[in-house]
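What's in my_file23.txt: compact mmCIF, C-alpha atoms
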# COMPACT_ATOMS: atom_id res chain seq x y z
CA MET A 960 -43.68 -31.05 -8.54
CA GLN A 961 -43.32 -27.35 -9.24
CA SER A 962 -39.76 -26.09 -9.36
CA CYS A 963 -38.54 -23.31 -7.12
CA PRO A 964 -38.67 -19.82 -8.61
CA ALA A 965 -35.37 -18.15 -9.51
CA SER A 966 -35.85 -15.65 -6.72
CA ALA A 967 -35.69 -18.45 -4.19
CA THR A 968 -32.20 -19.58 -5.22
CA ILE A 969 -29.69 -19.28 -2.39
CA GLN A 970 -26.05 -18.65 -3.30
CA PRO A 971 -23.53 -20.59 -1.19
CA PRO A 972 -21.58 -18.36 1.21
CA ASN A 973 -18.35 -16.71 0.02
CA ARG A 974 -19.03 -17.56 -3.62
CA ARG A 975 -18.24 -14.56 -5.81
CA SER A 976 -20.22 -14.45 -9.04
CA ALA A 977 -19.99 -12.25 -12.12
CA GLY A 978 -20.78 -8.63 -11.47
CA THR A 979 -19.44 -8.59 -7.91
CA VAL A 980 -16.87 -6.12 -6.59
CA ALA A 981 -13.83 -5.86 -8.87
CA ALA A 982 -10.55 -7.42 -7.76
CA ILE A 983 -7.66 -5.65 -6.09
CA PHE A 984 -4.58 -6.63 -8.08
CA CYS A 985 -0.87 -6.15 -7.35
CA LEU A 986 2.09 -6.52 -9.73
CA GLY A 987 5.61 -5.78 -8.64
CA LEU A 988 9.25 -6.64 -8.18
CA SER A 989 11.47 -6.13 -5.16
CA HIS A 990 14.85 -6.87 -3.65
CA HIS A 991 13.54 -10.39 -3.04
CA THR A 992 13.09 -11.05 -6.76
CA ALA A 993 15.27 -8.62 -8.71
CA PRO A 994 18.78 -7.12 -8.44
CA ILE A 995 19.27 -3.38 -8.29
CA ALA A 996 20.27 -3.30 -11.98
CA VAL A 997 16.73 -4.43 -12.87
CA ARG A 998 14.86 -2.48 -10.18
CA GLU A 999 16.34 0.85 -11.19
CA LYS A 1000 15.10 0.39 -14.78
CA VAL A 1001 11.44 0.43 -13.71
CA ALA A 1002 11.60 2.83 -10.76
CA PHE A 1003 9.15 5.75 -10.85
CA SER A 1004 10.33 9.25 -10.02
CA PRO A 1005 8.09 11.84 -8.32
CA GLU A 1006 8.06 13.73 -11.62
CA ASN A 1007 6.56 10.91 -13.72
CA LEU A 1008 4.03 9.58 -11.21
CA ALA A 1009 1.27 11.89 -12.42
CA THR A 1010 1.75 10.71 -16.00
CA ALA A 1011 1.80 7.08 -14.87
CA HIS A 1012 -1.43 7.37 -12.87
CA ARG A 1013 -3.18 9.15 -15.72
CA ASP A 1014 -1.94 6.60 -18.26
CA LEU A 1015 -3.19 3.64 -16.21
CA LEU A 1016 -6.66 5.16 -15.93
CA GLU A 1017 -6.92 6.44 -19.49
CA GLN A 1018 -5.88 3.09 -20.96
CA GLY A 1019 -8.59 1.34 -18.96
CA LEU A 1020 -6.11 -0.71 -16.95
CA ALA A 1021 -7.67 0.53 -13.72
CA THR A 1022 -10.37 2.70 -12.24
CA GLU A 1023 -8.15 3.23 -9.18
CA ALA A 1024 -4.35 2.95 -9.02
CA LEU A 1025 -1.55 3.16 -6.46
CA ILE A 1026 2.16 3.09 -7.36
CA VAL A 1027 4.68 2.35 -4.61
CA SER A 1028 8.21 2.94 -5.90
CA THR A 1029 11.10 2.86 -3.43
CA CYS A 1030 14.75 1.88 -3.46
CA ASN A 1031 13.83 -1.75 -2.89
CA ARG A 1032 10.61 -2.20 -4.84
CA THR A 1033 8.22 -1.06 -7.52
CA GLU A 1034 4.63 -2.22 -6.97
CA ILE A 1035 1.42 -1.25 -8.74
CA TYR A 1036 -1.94 -1.79 -7.03
CA LEU A 1037 -5.05 -1.62 -9.20
CA HIS A 1038 -8.79 -1.79 -8.66
CA GLY A 1039 -11.20 -2.15 -11.54
CA GLY A 1040 -10.29 -1.96 -15.21
CA GLN A 1041 -8.38 -4.59 -17.16
CA GLY A 1042 -5.03 -4.32 -15.41
CA TYR A 1043 -5.62 -7.50 -13.41
CA HIS A 1044 -4.39 -9.38 -16.49
CA ARG A 1045 -0.72 -9.81 -15.62
CA GLN A 1046 0.58 -9.53 -19.16
CA ALA A 1047 -1.32 -6.34 -19.92
CA LEU A 1048 0.07 -4.57 -16.84
CA GLN A 1049 3.58 -5.94 -17.32
CA ASP A 1050 3.56 -4.76 -20.94
CA TRP A 1051 2.42 -1.31 -19.78
CA LEU A 1052 5.23 -1.13 -17.20
CA CYS A 1053 7.86 -2.01 -19.81
CA HIS A 1054 6.43 0.40 -22.38
CA PHE A 1055 6.22 3.25 -19.86
CA HIS A 1056 9.89 2.89 -18.93
CA GLY A 1057 11.07 1.93 -22.41
CA VAL A 1058 12.65 -1.37 -21.36
CA ASP A 1059 12.82 -4.74 -23.09
CA PRO A 1060 10.07 -7.00 -21.62
CA ARG A 1061 12.64 -9.79 -21.36
CA LEU A 1062 14.43 -7.76 -18.68
CA LEU A 1063 11.64 -8.58 -16.21
CA ASP A 1064 11.50 -12.31 -16.91
CA GLY A 1065 11.58 -14.19 -13.63
CA HIS A 1066 11.49 -11.02 -11.52
CA ILE A 1067 7.79 -10.13 -11.44
CA TYR A 1068 5.27 -11.30 -8.83
CA THR A 1069 1.52 -10.83 -8.72
CA SER A 1070 -1.30 -11.27 -6.23
CA SER A 1071 -4.98 -10.43 -6.05
CA ASP A 1072 -7.76 -9.81 -3.54
CA ALA A 1073 -6.94 -11.13 -0.05
CA GLU A 1074 -3.33 -11.97 -0.99
CA ALA A 1075 -2.78 -8.50 -2.47
CA VAL A 1076 -4.25 -6.89 0.66
CA ARG A 1077 -2.10 -9.09 2.87
CA HIS A 1078 1.00 -8.17 0.87
CA LEU A 1079 0.29 -4.44 1.20
CA PHE A 1080 -0.31 -4.76 4.96
CA ARG A 1081 2.93 -6.73 5.40
CA MET A 1082 4.89 -4.32 3.26
CA ALA A 1083 3.63 -1.23 5.11
CA CYS A 1084 4.51 -2.86 8.44
CA GLY A 1085 8.06 -3.53 7.28
CA LEU A 1086 7.66 -7.30 7.24
CA ASP A 1087 8.71 -7.50 3.58
CA SER A 1088 11.63 -5.08 3.93
CA MET A 1089 15.32 -5.91 3.68
CA ILE A 1090 15.47 -5.12 7.40
CA ILE A 1091 12.37 -6.44 9.13
CA GLY A 1092 10.28 -3.75 10.74
CA GLU A 1093 12.10 -0.74 9.26
CA PRO A 1094 9.83 2.28 9.66
CA GLN A 1095 10.66 4.25 6.49
CA ILE A 1096 8.45 2.12 4.24
CA LEU A 1097 5.27 3.29 5.99
CA GLY A 1098 6.10 6.91 5.19
CA GLN A 1099 6.82 5.91 1.60
CA VAL A 1100 3.45 4.18 1.31
CA LYS A 1101 1.78 7.31 2.70
CA ASP A 1102 3.60 9.41 0.10
CA ALA A 1103 2.49 6.99 -2.64
CA TYR A 1104 -1.11 7.28 -1.47
CA GLN A 1105 -0.89 11.07 -1.41
CA ALA A 1106 0.42 11.04 -4.98
CA ALA A 1107 -2.42 8.75 -6.09
CA ALA A 1108 -4.96 11.03 -4.40
CA ASP A 1109 -3.42 14.17 -5.90
CA ASN A 1110 -3.54 12.61 -9.35
CA GLY A 1111 -7.17 11.48 -9.05
CA ALA A 1112 -6.27 7.79 -9.01
CA ALA A 1113 -7.44 6.90 -5.48
CA GLY A 1114 -11.14 6.04 -5.34
CA PRO A 1115 -13.36 4.65 -2.57
CA VAL A 1116 -11.85 1.16 -2.45
CA LEU A 1117 -8.19 2.22 -2.41
CA ASN A 1118 -9.02 5.03 0.00
CA ARG A 1119 -10.46 2.51 2.43
CA LEU A 1120 -7.62 0.06 1.79
CA LEU A 1121 -4.87 2.60 2.46
CA HIS A 1122 -6.46 4.02 5.61
CA TRP A 1123 -6.92 0.43 6.80
CA THR A 1124 -3.25 -0.20 5.99
CA PHE A 1125 -2.11 2.73 8.12
CA ARG A 1126 -4.28 1.52 11.01
CA VAL A 1127 -2.81 -1.99 10.74
CA ALA A 1128 0.74 -0.63 10.74
CA LYS A 1129 0.01 1.43 13.85
CA ARG A 1130 -1.50 -1.59 15.57
CA VAL A 1131 1.48 -3.81 14.72
CA ARG A 1132 3.95 -1.25 16.08
CA SER A 1133 2.00 -0.72 19.28
CA GLU A 1134 1.16 -4.38 19.98
CA THR A 1135 4.44 -6.07 19.00
CA ALA A 1136 8.16 -5.48 19.48
CA ILE A 1137 8.73 -5.12 15.74
CA SER A 1138 10.43 -1.73 16.19
CA SER A 1139 12.18 -2.44 19.47
CA ALA A 1140 15.62 -2.23 17.86
CA PRO A 1141 16.47 0.83 15.72
CA VAL A 1142 17.52 -1.17 12.67
CA SER A 1143 16.99 0.24 9.16
CA VAL A 1144 18.79 0.55 5.86
CA ALA A 1145 20.24 3.80 7.16
CA TYR A 1146 21.39 2.12 10.38
CA ALA A 1147 22.91 -0.73 8.38
CA ALA A 1148 24.86 1.80 6.31
CA VAL A 1149 26.25 3.40 9.45
CA SER A 1150 27.09 0.01 10.93
CA LEU A 1151 28.98 -0.83 7.76
CA ALA A 1152 30.94 2.42 7.98
CA LYS A 1153 31.86 1.73 11.59
CA GLN A 1154 32.91 -1.81 10.71
CA LEU A 1155 35.15 -0.58 7.89
CA LEU A 1156 36.67 2.45 9.61
CA GLY A 1157 36.80 1.10 13.16
CA SER A 1158 35.47 4.28 14.76
CA LEU A 1159 33.42 7.14 13.33
CA GLU A 1160 34.53 9.72 15.88
CA GLY A 1161 36.35 12.55 14.19
CA LYS A 1162 35.42 11.36 10.71
CA SER A 1163 34.18 13.71 8.01
CA VAL A 1164 30.95 12.77 6.27
CA LEU A 1165 29.46 13.99 2.99
CA LEU A 1166 25.70 13.49 2.67
CA ILE A 1167 24.29 13.81 -0.85
CA GLY A 1168 20.55 14.45 -0.75
CA ALA A 1169 18.36 15.79 2.04
CA GLY A 1170 15.43 13.37 2.20
CA ASP A 1171 14.16 11.22 5.06
CA THR A 1172 16.69 8.43 4.48
CA ILE A 1173 19.65 10.81 4.51
CA GLU A 1174 18.32 12.48 7.64
CA LEU A 1175 18.06 9.10 9.37
CA VAL A 1176 21.63 8.33 8.32
CA ALA A 1177 22.71 11.62 9.87
CA ILE A 1178 20.93 10.77 13.12
CA HIS A 1179 22.72 7.42 13.39
CA LEU A 1180 26.06 8.93 12.41
CA ARG A 1181 25.78 11.56 15.12
CA GLU A 1182 24.91 8.85 17.63
CA HIS A 1183 28.21 7.18 16.64
CA GLY A 1184 30.29 10.29 17.22
CA VAL A 1185 30.33 12.04 13.83
CA GLU A 1186 30.46 15.82 14.27
CA SER A 1187 31.47 17.09 10.84
CA PHE A 1188 28.76 16.98 8.17
CA ALA A 1189 28.63 18.43 4.67
CA VAL A 1190 25.28 18.30 2.88
CA ALA A 1191 25.08 18.56 -0.92
CA ASN A 1192 21.59 18.87 -2.34
CA ARG A 1193 19.85 20.11 -5.45
CA SER A 1194 17.43 22.22 -3.38
CA ALA A 1195 19.50 24.79 -1.48
CA GLU A 1196 16.70 25.49 1.00
CA ARG A 1197 16.14 21.86 1.99
CA GLY A 1198 19.87 21.20 2.13
CA GLN A 1199 20.34 24.20 4.40
CA LEU A 1200 17.60 23.01 6.76
CA LEU A 1201 19.22 19.59 7.12
CA ALA A 1202 22.68 21.03 7.55
CA GLU A 1203 21.51 23.40 10.28
CA LYS A 1204 19.76 20.56 12.07
CA PHE A 1205 23.06 18.71 12.38
CA THR A 1206 25.37 21.74 12.65
CA GLY A 1207 26.79 21.04 9.22
CA ASN A 1208 27.42 23.01 6.05
CA ALA A 1209 25.13 23.08 3.02
CA HIS A 1210 26.47 23.01 -0.56
CA ALA A 1211 25.23 22.75 -4.13
CA LEU A 1212 25.72 19.49 -6.02
CA GLU A 1213 28.39 21.21 -8.11
CA ALA A 1214 30.60 21.32 -5.01
CA ILE A 1215 30.85 17.53 -4.75
CA PRO A 1216 34.27 17.24 -6.46
CA GLU A 1217 35.82 19.52 -3.84
CA LEU A 1218 33.90 17.96 -0.93
CA LEU A 1219 35.18 14.49 -1.86
CA HIS A 1220 38.71 15.67 -1.08
CA ASP A 1221 37.96 15.92 2.67
CA ALA A 1222 35.31 13.22 3.19
CA ASP A 1223 35.92 9.90 4.90
CA VAL A 1224 32.40 8.63 4.25
CA VAL A 1225 29.99 9.54 1.46
CA VAL A 1226 26.32 8.54 1.72
CA SER A 1227 24.07 9.38 -1.21
CA CYS A 1228 20.31 9.04 -1.70
CA THR A 1229 18.61 11.29 -4.25
CA ALA A 1230 15.96 10.90 -6.94
CA SER A 1231 18.36 11.73 -9.75
CA PRO A 1232 17.81 9.62 -12.91
CA LEU A 1233 21.58 9.70 -13.66
CA PRO A 1234 24.68 9.18 -11.48
CA ILE A 1235 25.71 12.28 -9.54
CA VAL A 1236 29.12 10.95 -8.55
CA THR A 1237 31.05 9.80 -11.63
CA LEU A 1238 34.16 7.71 -12.07
CA GLU A 1239 36.09 10.75 -13.28
CA THR A 1240 35.07 12.81 -10.24
CA VAL A 1241 36.14 10.14 -7.76
CA SER A 1242 39.39 9.34 -9.58
CA ALA A 1243 40.37 13.01 -9.54
CA ALA A 1244 39.55 13.34 -5.84
CA MET A 1245 41.53 10.23 -4.88
CA MET A 1246 44.67 11.63 -6.48
CA ARG A 1247 44.54 14.47 -3.90
CA ARG A 1248 43.73 12.39 -0.80
CA ALA A 1249 47.21 11.22 0.24
CA GLN A 1250 46.42 7.51 0.31
CA ARG A 1251 43.33 7.90 2.51
CA ASP A 1252 40.53 5.36 2.11
CA LEU A 1253 37.11 6.58 0.94
CA MET A 1254 33.90 4.75 1.77
CA LEU A 1255 30.88 5.42 -0.46
CA VAL A 1256 27.37 4.15 0.31
CA ASP A 1257 24.79 4.48 -2.46
CA LEU A 1258 21.23 4.18 -1.13
CA ALA A 1259 19.54 5.45 -4.29
CA VAL A 1260 17.61 3.71 -7.05
CA PRO A 1261 18.54 4.55 -9.79
CA ARG A 1262 22.09 4.66 -8.46
CA ASP A 1263 23.69 8.00 -7.57
CA ILE A 1264 27.27 6.70 -7.75
CA ALA A 1265 28.60 5.21 -10.96
CA PRO A 1266 29.21 1.45 -10.48
CA GLU A 1267 32.68 1.80 -12.05
CA VAL A 1268 33.83 3.68 -8.93
CA GLU A 1269 34.17 0.30 -7.23
CA GLY A 1270 37.32 -0.30 -9.29
CA VAL A 1271 39.13 2.79 -8.00
CA GLU A 1272 41.95 1.91 -5.60
CA GLN A 1273 41.21 2.61 -1.92
CA CYS A 1274 37.53 3.28 -2.72
CA PHE A 1275 34.95 1.06 -1.08
CA LEU A 1276 31.54 1.32 -2.75
CA TYR A 1277 28.43 -0.29 -1.28
CA THR A 1278 24.89 -0.33 -2.67
CA LEU A 1279 21.57 -1.32 -1.14
CA ASP A 1280 22.11 -4.93 -2.12
CA ASP A 1281 25.37 -5.00 -0.18
CA LEU A 1282 23.55 -4.10 3.04
CA ASN A 1283 21.60 -7.34 3.14
CA ASP A 1284 24.18 -9.31 5.15
CA ILE A 1285 24.50 -6.55 7.75
CA ALA A 1286 20.73 -6.37 8.03
CA GLN A 1287 20.63 -9.93 9.37
CA ALA A 1288 22.43 -9.02 12.58
CA GLY A 1289 20.27 -8.54 15.64
CA MET A 1290 17.05 -9.55 13.87
CA ARG A 1291 16.01 -12.45 16.09
CA ALA A 1292 13.71 -10.36 18.28
CA ARG A 1293 12.18 -8.76 15.23
CA ARG A 1294 11.52 -12.13 13.65
CA GLU A 1295 9.70 -13.23 16.78
CA ALA A 1296 7.68 -10.02 16.73
CA ALA A 1297 7.02 -10.54 13.04
CA ALA A 1298 5.38 -13.88 13.79
CA VAL A 1299 2.94 -12.11 16.11
CA ALA A 1300 2.43 -9.39 13.53
CA GLU A 1301 1.51 -11.98 10.91
CA LEU A 1302 -1.37 -13.15 13.11
CA LEU A 1303 -2.62 -9.59 13.54
CA ILE A 1304 -2.39 -9.01 9.81
CA ALA A 1305 -4.29 -12.20 9.03
CA GLU A 1306 -7.07 -10.98 11.31
CA GLU A 1307 -7.12 -7.56 9.66
CA VAL A 1308 -7.12 -9.04 6.14
CA GLY A 1309 -10.18 -11.09 7.08
CA GLU A 1310 -11.99 -8.01 8.36
CA PHE A 1311 -11.10 -5.98 5.28
CA GLN A 1312 -12.33 -8.77 3.01
CA GLN A 1313 -15.60 -8.85 4.92
CA TRP A 1314 -15.98 -5.14 4.23
CA ARG A 1315 -15.27 -5.66 0.53
CA GLU A 1316 -17.72 -8.53 0.28
CA SER A 1317 -20.34 -6.39 1.99
CA LEU A 1318 -20.14 -4.11 -1.05
CA ASP A 1319 -21.71 -6.92 -3.08
CA VAL A 1320 -24.98 -6.61 -1.16
CA VAL A 1321 -25.22 -2.82 -1.33
CA PRO A 1322 -27.20 -2.85 -4.63
CA ALA A 1323 -29.57 -5.49 -3.21
CA ILE A 1324 -30.10 -3.44 -0.06
CA ARG A 1325 -30.84 -0.39 -2.17
CA ARG A 1326 -33.38 -2.35 -4.24
CA LEU A 1327 -35.01 -3.65 -1.06
CA ARG A 1328 -35.29 -0.18 0.44
CA ASP A 1329 -36.70 1.23 -2.82
CA HIS A 1330 -39.20 -1.62 -3.03
CA VAL A 1331 -40.46 -1.09 0.53
CA GLU A 1332 -40.50 2.70 0.05
CA ASP A 1333 -42.75 2.32 -3.02
CA ARG A 1334 -45.18 0.20 -1.02
CA ARG A 1335 -45.11 2.67 1.85
CA GLN A 1336 -45.90 5.63 -0.35
CA GLU A 1337 -48.77 3.74 -1.99
CA GLU A 1338 -50.35 3.04 1.38
CA VAL A 1339 -49.73 6.59 2.65
CA ARG A 1340 -51.55 8.02 -0.36
CA ARG A 1341 -54.43 5.58 0.08
CA PHE A 1342 -54.94 6.13 3.80
CA MET A 1343 -54.50 9.90 3.66
CA ARG A 1344 -57.84 9.95 1.84
CA TYR A 1345 -59.52 8.35 4.85
CA LEU A 1346 -58.05 11.04 7.12
CA ASP A 1347 -59.26 13.72 4.71
CA GLN A 1348 -62.74 12.20 4.94
CA GLY A 1349 -62.66 12.76 8.71
CA GLN A 1350 -62.39 9.12 9.78
CA ASP A 1351 -61.02 8.25 13.24
CA PRO A 1352 -57.20 8.75 13.07
CA HIS A 1353 -56.55 5.87 15.49
CA ALA A 1354 -58.54 3.47 13.33
CA VAL A 1355 -56.88 4.75 10.14
CA LEU A 1356 -53.37 4.36 11.67
CA ASP A 1357 -54.13 0.81 12.80
CA ALA A 1358 -55.48 -0.12 9.37
CA PHE A 1359 -52.51 1.56 7.65
CA SER A 1360 -49.93 -0.39 9.66
CA LYS A 1361 -51.67 -3.72 8.95
CA ALA A 1362 -51.99 -2.94 5.26
CA LEU A 1363 -48.32 -1.91 4.99
CA MET A 1364 -47.21 -5.06 6.81
CA ASN A 1365 -49.26 -7.23 4.44
CA LYS A 1366 -47.87 -5.44 1.39
CA VAL A 1367 -44.26 -5.86 2.47
CA LEU A 1368 -44.62 -9.50 3.55
CA HIS A 1369 -46.82 -10.69 0.69
CA ASP A 1370 -44.06 -11.67 -1.77
CA PRO A 1371 -41.73 -13.36 0.78
CA ILE A 1372 -44.60 -15.37 2.28
CA ALA A 1373 -45.83 -16.37 -1.19
CA THR A 1374 -42.33 -17.60 -2.05
CA LEU A 1375 -42.09 -19.61 1.17
CA ARG A 1376 -45.42 -21.28 0.46
CA GLN A 1377 -44.46 -22.42 -3.03
CA PRO A 1378 -43.54 -26.12 -3.15
CA CYS A 1379 -39.74 -26.39 -3.33
CA GLN A 1380 -37.08 -29.00 -2.73
CA ASP A 1381 -36.59 -29.57 0.96
CA ALA A 1382 -32.98 -28.30 1.00
CA THR A 1383 -33.89 -25.02 -0.65
CA ASN A 1384 -36.94 -24.53 1.58
CA GLU A 1385 -34.80 -25.15 4.64
CA SER A 1386 -32.29 -22.58 3.38
CA LEU A 1387 -35.03 -20.01 2.91
CA VAL A 1388 -36.39 -20.60 6.40
CA ALA A 1389 -32.87 -20.42 7.86
CA ALA A 1390 -32.22 -17.15 5.99
CA LEU A 1391 -35.51 -15.77 7.29
CA ASP A 1392 -34.53 -16.65 10.86
CA ILE A 1393 -31.18 -14.88 10.42
CA LEU A 1394 -32.56 -11.76 8.72
CA PHE A 1395 -35.32 -11.15 11.24
CA HIS A 1396 -33.77 -12.80 14.34
CA LEU A 1397 -36.86 -15.00 14.67
CA SER A 1398 -35.11 -17.58 16.82
CA ASP A 1399 -34.16 -14.85 19.30
CA ALA A 1400 -37.75 -13.63 19.34
CA GLU A 1401 -39.04 -17.13 20.13
CA GLY A 1402 -36.59 -17.42 22.99
Show how you would write the structure in this file as structure tokens.
Amino acid sequence: MQSCPASATIQPPNRRSAGTVAAIFCLGLSHHTAPIAVREKVAFSPENLATAHRDLLEQGLATEALIVSTCNRTEIYLHGGQGYHRQALQDWLCHFHGVDPRLLDGHIYTSSDAEAVRHLFRMACGLDSMIIGEPQILGQVKDAYQAAADNGAAGPVLNRLLHWTFRVAKRVRSETAISSAPVSVAYAAVSLAKQLLGSLEGKSVLLIGAGDTIELVAIHLREHGVESFAVANRSAERGQLLAEKFTGNAHALEAIPELLHDADVVVSCTASPLPIVTLETVSAAMMRRAQRDLMLVDLAVPRDIAPEVEGVEQCFLYTLDDLNDIAQAGMRARREAAAVAELLIAEEVGEFQQWRESLDVVPAIRRLRDHVEDRRQEEVRRFMRYLDQGQDPHAVLDAFSKALMNKVLHDPIATLRQPCQDATNESLVAALDILFHLSDAEG
């Protein structure tokens, strides 16, 4: 019995073979897996993102790259290249930040393809955040995508993935109660201040930084009765805008030692690589405060407030990690909403994977179209001669259509007629029915 030709081989569904679409790979660490002392060592600043994107591409670790670096996580998403080898990407991360590779032992997680997509969707929806459903992470992912696009690291696959991510996040927020309670890291910080000081009415607050997180803190503080704000920021213009928004006063960072004298609460969140508030600065301020307590909340990674400040008498220093217990309060409704969101995300991951797998057939579709186009042009050239000879156009058109049909169908029909194993022949017939909807036509 003659064996089936290679062209008649049918690949089982969902089996990815060599040469198919490259994997999407994620490597990262977060508050779930690493303490702040580790996270801050591998955090990316806005200033070094361009270098990082360029380095990943130039070293062949990726053809597309996205870096999400926030207070609670550093995650690198890659498509193409050799970065999907965990060790290669982990070595790059350590080398880029100049840290001992042993520092990351036990703190790194990885995922690929559907699991990486699912993780990104969950993260952007706030399901992986310290406080479930917090909205700031979506804006941070959008900023990360903008940076990747600006640096030429976002190609067609990551472009589609990120736009899909934003659509999923919008759907989760509109179809579930995930954001029904205004709980966030900023809200947790304010709740902690209220718990420690009893009431925030009449208290004086120093905000260091003028970004989105600090602004959200200011909103919650005002809702709890705070009227006196001082804003210290590196950029005078941005600091002034925030201060005016909350009827406060804007200052340069150099004014912090004096501002500490009057503050009851200090909340800091900047992108500074080194502490802005030092032990010496706080110690000097406390000597002038007449036994008044000072609460400091450090929301930055790397930390803005020197850890040694915690040892100063009557100073109460809290970092992001300290907010975890507070974040648990009032989360029952969000957990229930999160369960619904997980189902929506699973559905969206499946649809995205279908899109990615459809990319595998694009080259085959192109070859098919080119093949049929070649046959069409051959027949057009041949039958144009008959028209030039003055033959009946209706007869020529009828003959042309039959000849083109025979040309296109010749190879598939010849393959079907070759003796094959029954299972393969049945698969070919079934594929033919699906491709041309023959069963529908018979009905």
Interatomic distance, CA of Thr1022 (chain A) to CA of Glu1310 (chain A) (Å, one decimal):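 So the two atoms, CA of Thr1022 (chain A) and CA of Glu1310 (chain A), lie 23.3 Å apart.
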Measuring atom to atom with only C-alpha atoms, identify which of A:Asp1263, A:Glu1332, A:Glu1006, A:Glu1269 is nearest to Gly1168 (chain A). A:Asp1263
Starting from the point (18.1, 9.7, -3.9), work out which residues of protein, DNA or RNA have an atom no more than 7 Å away when counting all atoms listed in the file; state them as a ChimeraX atom specification. /A:1168,1227-1231,1258-1260,1263
Output C-alpha atoms of each residue in that selection to a file, as a PDB file, in the frame of the given file.
ATOM      1  CA  GLY A1168      20.550  14.450  -0.750  1.00  0.00           C
ATOM      2  CA  SER A1227      24.070   9.380  -1.210  1.00  0.00           C
ATOM      3  CA  CYS A1228      20.310   9.040  -1.700  1.00  0.00           C
ATOM      4  CA  THR A1229      18.610  11.290  -4.250  1.00  0.00           C
ATOM      5  CA  ALA A1230      15.960  10.900  -6.940  1.00  0.00           C
ATOM      6  CA  SER A1231      18.360  11.730  -9.750  1.00  0.00           C
ATOM      7  CA  LEU A1258      21.230   4.180  -1.130  1.00  0.00           C
ATOM      8  CA  ALA A1259      19.540   5.450  -4.290  1.00  0.00           C
ATOM      9  CA  VAL A1260      17.610   3.710  -7.050  1.00  0.00           C
ATOM     10  CA  ASP A1263      23.690   8.000  -7.570  1.00  0.00           C
TER      11      ASP A1263
END
For Leu1180 (chain A), work out the shell of residues within 8 Å, counting all atoms listed in the file and skipping chain neighbours fewer than 4 positions away, then give it as a ChimeraX atom specification. /A:1149,1159,1176,1184-1185
Can you tell me, as a PyMOL selection string, what residues are no more than 7 Å from region 983-989 of chain A when counting only C-alpha atoms, ignoring any on the same chain fewer than 6 positions away? chain A and resi 1031-1038+1043+1066-1072+1075
For region 1108-1121 of chain A, please output as a list in words all residues within 8 Å (counting all atoms listed in the file; exclusion window: fewer than 3 positions along the same chain). Ala1009, His1012, Arg1013, Leu1016, Thr1022, Glu1023, Ala1024, Leu1025, His1038, Val1076, Tyr1104, Gln1105, Thr1124, Phe1125 and Phe1311 of chain A
Can you list, as a PyMOL selection string, every protein, DNA or RNA residue that comes within 9 Å of Val1236 (chain A) when you count all atoms listed in the file, leaving out same-chain residues fewer than 6 positions away? chain A and resi 1215-1216+1263-1265+1268
If we count all atoms listed in the file, what is near Arg1077 (chain A) at a cut-off of 9 Å, once residues fewer than 6 positions away on the same chain are taken out, given as a list of chain:residue names?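 In the requested form, the answer reads A:Ile1304, A:Ala1305, A:Glu1307, A:Val1308.
Compared by their closest atoms to Asp1284 (chain A), and using all atoms listed in the file, the residues A:Ala993, A:Lys1129, A:His1183, A:Ala1147 rank with A:Ala1147 nearest.
Among the candidate residues A:Gly1019, A:Gly1040, A:Gly1092, A:Pro1060, the one lying nearest to Ala1136 (chain A) is A:Gly1092, with distances computed using all atoms listed in the file.
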Tell me, in Å to one decimal, how far CA of Glu1186 (chain A) is from CA of Lys1162 (chain A).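 Going from CA of Glu1186 (chain A) over to CA of Lys1162 (chain A) covers 7.6 Å.
Our summary of the geometry notes that CA of Leu1020 (chain A) is positioned 17.9 Å from CA of Val1001 (chain A).
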Please check which residues have atoms at most 12 Å from (-0.4, -1.4, 18.1) in the file's coordinates, counting only C-alpha atoms, and write them as a list of chain:residue names. A:Cys1084, A:Phe1125, A:Arg1126, A:Val1127, A:Ala1128, A:Lys1129, A:Arg1130, A:Val1131, A:Arg1132, A:Ser1133, A:Glu1134, A:Thr1135, A:Ala1136, A:Ile1137, A:Ser1138, A:Ala1296, A:Val1299, A:Ala1300, A:Leu1303, A:Ile1304
How about saving the chosen residues, C-alpha atoms kept, as a short mmCIF file (atom, residue, chain, number, x, y, z; two decimals), in the frame of the given file?
data_model
loop_
_atom_site.label_atom_id
_atom_site.label_comp_id
_atom_site.auth_asym_id
_atom_site.auth_seq_id
_atom_site.Cartn_x
_atom_site.Cartn_y
_atom_site.Cartn_z
CA CYS A 1084 4.51 -2.86 8.44
CA PHE A 1125 -2.11 2.73 8.12
CA ARG A 1126 -4.28 1.52 11.01
CA VAL A 1127 -2.81 -1.99 10.74
CA ALA A 1128 0.74 -0.63 10.74
CA LYS A 1129 0.01 1.43 13.85
CA ARG A 1130 -1.50 -1.59 15.57
CA VAL A 1131 1.48 -3.81 14.72
CA ARG A 1132 3.95 -1.25 16.08
CA SER A 1133 2.00 -0.72 19.28
CA GLU A 1134 1.16 -4.38 19.98
CA THR A 1135 4.44 -6.07 19.00
CA ALA A 1136 8.16 -5.48 19.48
CA ILE A 1137 8.73 -5.12 15.74
CA SER A 1138 10.43 -1.73 16.19
CA ALA A 1296 7.68 -10.02 16.73
CA VAL A 1299 2.94 -12.11 16.11
CA ALA A 1300 2.43 -9.39 13.53
CA LEU A 1303 -2.62 -9.59 13.54
CA ILE A 1304 -2.39 -9.01 9.81
#
